[in-house]
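Visitor: Following this message is one structure expressed as structure tokens.
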Amino acid sequence: TRVHIRGHGDGFSVSGDNVTIKDSFVLLCSNSGDHSDGIQSVGASKNLTFHHNTVDQRKAPSHTAPVFLVDPTQGVTVTDNLLIGGTYTVQIRTAPGAVARNNAVVDHSWDFGPASVDCANTDWSGNSLVTIDDDYNVTSTVGPLACPT
């Protein structure tokens, strides 16, 4: 709770069960060849909650995603986060029953798209594209962010 990470290529690397990360701020940077992530699952785990965090990856030119959860994980919940940057800003795969709700993705901050998600196995709702000011305040909602198919 309330962790401030800055000046690193990676934010949280999660390995293990029953992990909750909330109310935290991650400002990433990277070295050439890094694969920077805001949060990344490492190996199989259960019950990961990522709630009400801000991850800014704009200063990490060698990056993957603010949310990169692609290892087999059960019980993933990603809610109420402000997410900026990445190849795809939100990547959730191999997490049957994952929940991704009410996340705000800064419009056009990604390289390829706002999300790469296993939509058939993810409860995806209330996510939106937004704009922000220099203090991370949401200044407008561009529109809803549908789960990409």
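Ordering of the structure tokens sets the chain letters (A, B, ...); residue numbers start at 1 within each chain; ligands are numbered from 1 in the order shown.
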Just the residues within 12 Å of range 43-49 of chain A, please, counting only C-alpha atoms, with nothing from its chain fewer than 2 positions along; format it as a PyMOL selection string.
Guide: chain A and resi 1+12-23+39-41+51-53+67+69-81+94-101
Visitor: Could you pull out the strand (DSSP E or B) residues of chain A from DSSP and send them as a count of residues only?
Guide: 84
Visitor: With distances taken over only C-alpha atoms, which residue among A:His35, A:Lys59, A:His8, A:Arg93 lies nearest Ser109 in chain A?
Guide: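 Of the candidates, the smallest distance to Ser109 in chain A is held by A:Lys59.
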Visitor: Please provide the set of residues having any atom within 9 Å of Phe112 in chain A, restricted to only C-alpha atoms, with same-chain residues fewer than 4 positions apart removed, written as a ChimeraX atom specification.
Guide: /A:86-89
Visitor: Could you state the separation of CA of Ala146 in chain A and CA of Asn127 in chain A in Å, given to one decimal place?
Guide: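 The value is 7.3 Å.
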Visitor: In Å, with one decimal, what is the gap from CA of Ile92 in chain A to CA of Leu27 in chain A?
Guide: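 Computing it gives 20.5 Å between the two atoms.
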Visitor: What gap, in Å, lies between CA of Asp56 in chain A and CA of Ala115 in chain A?
Guide: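 We find that CA of Asp56 in chain A and CA of Ala115 in chain A lie 15.3 Å from each other.
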Visitor: So that I can see what lies close to Ile5 in chain A, please list as a ChimeraX atom specification the residues with an atom at most 10 Å from it, counting only C-alpha atoms and leaving out residues fewer than 4 positions away in the same chain.
Guide: /A:9-12,24-28,38,55
Visitor: With N, CA, C and O atoms kept, could you save the residues just selected as a PDB file, in the first residue's frame?
Guide:
```pdb
ATOM      1  N   GLY A   9      13.513   0.294 -14.152  1.00  0.00           N
ATOM      2  CA  GLY A   9      12.927  -0.255 -15.365  1.00  0.00           C
ATOM      3  C   GLY A   9      11.652  -1.017 -15.092  1.00  0.00           C
ATOM      4  O   GLY A   9      10.762  -1.064 -15.936  1.00  0.00           O
ATOM      5  N   ASP A  10      11.551  -1.640 -13.928  1.00  0.00           N
ATOM      6  CA  ASP A  10      10.363  -2.404 -13.562  1.00  0.00           C
ATOM      7  C   ASP A  10       9.781  -1.878 -12.263  1.00  0.00           C
ATOM      8  O   ASP A  10      10.502  -1.415 -11.381  1.00  0.00           O
ATOM      9  N   GLY A  11       8.459  -2.028 -12.161  1.00  0.00           N
ATOM     10  CA  GLY A  11       7.777  -1.669 -10.926  1.00  0.00           C
ATOM     11  C   GLY A  11       7.665  -2.886 -10.031  1.00  0.00           C
ATOM     12  O   GLY A  11       8.572  -3.189  -9.256  1.00  0.00           O
ATOM     13  N   PHE A  12       6.584  -3.631 -10.167  1.00  0.00           N
ATOM     14  CA  PHE A  12       6.319  -4.799  -9.331  1.00  0.00           C
ATOM     15  C   PHE A  12       6.468  -6.074 -10.144  1.00  0.00           C
ATOM     16  O   PHE A  12       5.853  -6.213 -11.194  1.00  0.00           O
ATOM     17  N   SER A  24      -0.602   2.929  -5.118  1.00  0.00           N
ATOM     18  CA  SER A  24       0.829   3.137  -5.363  1.00  0.00           C
ATOM     19  C   SER A  24       1.062   3.931  -6.645  1.00  0.00           C
ATOM     20  O   SER A  24       0.180   4.048  -7.503  1.00  0.00           O
ATOM     21  N   PHE A  25       2.277   4.478  -6.769  1.00  0.00           N
ATOM     22  CA  PHE A  25       2.667   5.290  -7.921  1.00  0.00           C
ATOM     23  C   PHE A  25       3.968   4.739  -8.476  1.00  0.00           C
ATOM     24  O   PHE A  25       4.950   4.572  -7.735  1.00  0.00           O
ATOM     25  N   VAL A  26       3.983   4.476  -9.785  1.00  0.00           N
ATOM     26  CA  VAL A  26       5.156   3.911 -10.449  1.00  0.00           C
ATOM     27  C   VAL A  26       5.512   4.803 -11.643  1.00  0.00           C
ATOM     28  O   VAL A  26       4.710   4.944 -12.572  1.00  0.00           O
ATOM     29  N   LEU A  27       6.699   5.402 -11.618  1.00  0.00           N
ATOM     30  CA  LEU A  27       7.217   6.200 -12.727  1.00  0.00           C
ATOM     31  C   LEU A  27       8.460   5.486 -13.233  1.00  0.00           C
ATOM     32  O   LEU A  27       9.499   5.482 -12.571  1.00  0.00           O
ATOM     33  N   LEU A  28       8.329   4.861 -14.389  1.00  0.00           N
ATOM     34  CA  LEU A  28       9.378   3.983 -14.904  1.00  0.00           C
ATOM     35  C   LEU A  28      10.337   4.708 -15.839  1.00  0.00           C
ATOM     36  O   LEU A  28       9.972   5.669 -16.507  1.00  0.00           O
ATOM     37  N   GLY A  38       5.184  -2.119 -15.490  1.00  0.00           N
ATOM     38  CA  GLY A  38       4.709  -1.552 -14.229  1.00  0.00           C
ATOM     39  C   GLY A  38       4.425  -2.641 -13.217  1.00  0.00           C
ATOM     40  O   GLY A  38       4.839  -2.575 -12.070  1.00  0.00           O
ATOM     41  N   VAL A  55       0.517   4.054 -13.049  1.00  0.00           N
ATOM     42  CA  VAL A  55       1.755   3.579 -13.660  1.00  0.00           C
ATOM     43  C   VAL A  55       2.003   4.425 -14.902  1.00  0.00           C
ATOM     44  O   VAL A  55       1.195   4.444 -15.830  1.00  0.00           O
TER      45      VAL A  55
END
```
Visitor: Find, counting only C-alpha atoms, the residue in A:Gly85, A:Trp110, A:His63, A:Cys147 that gets nearest to Trp124 in chain A.
Guide: A:Cys147
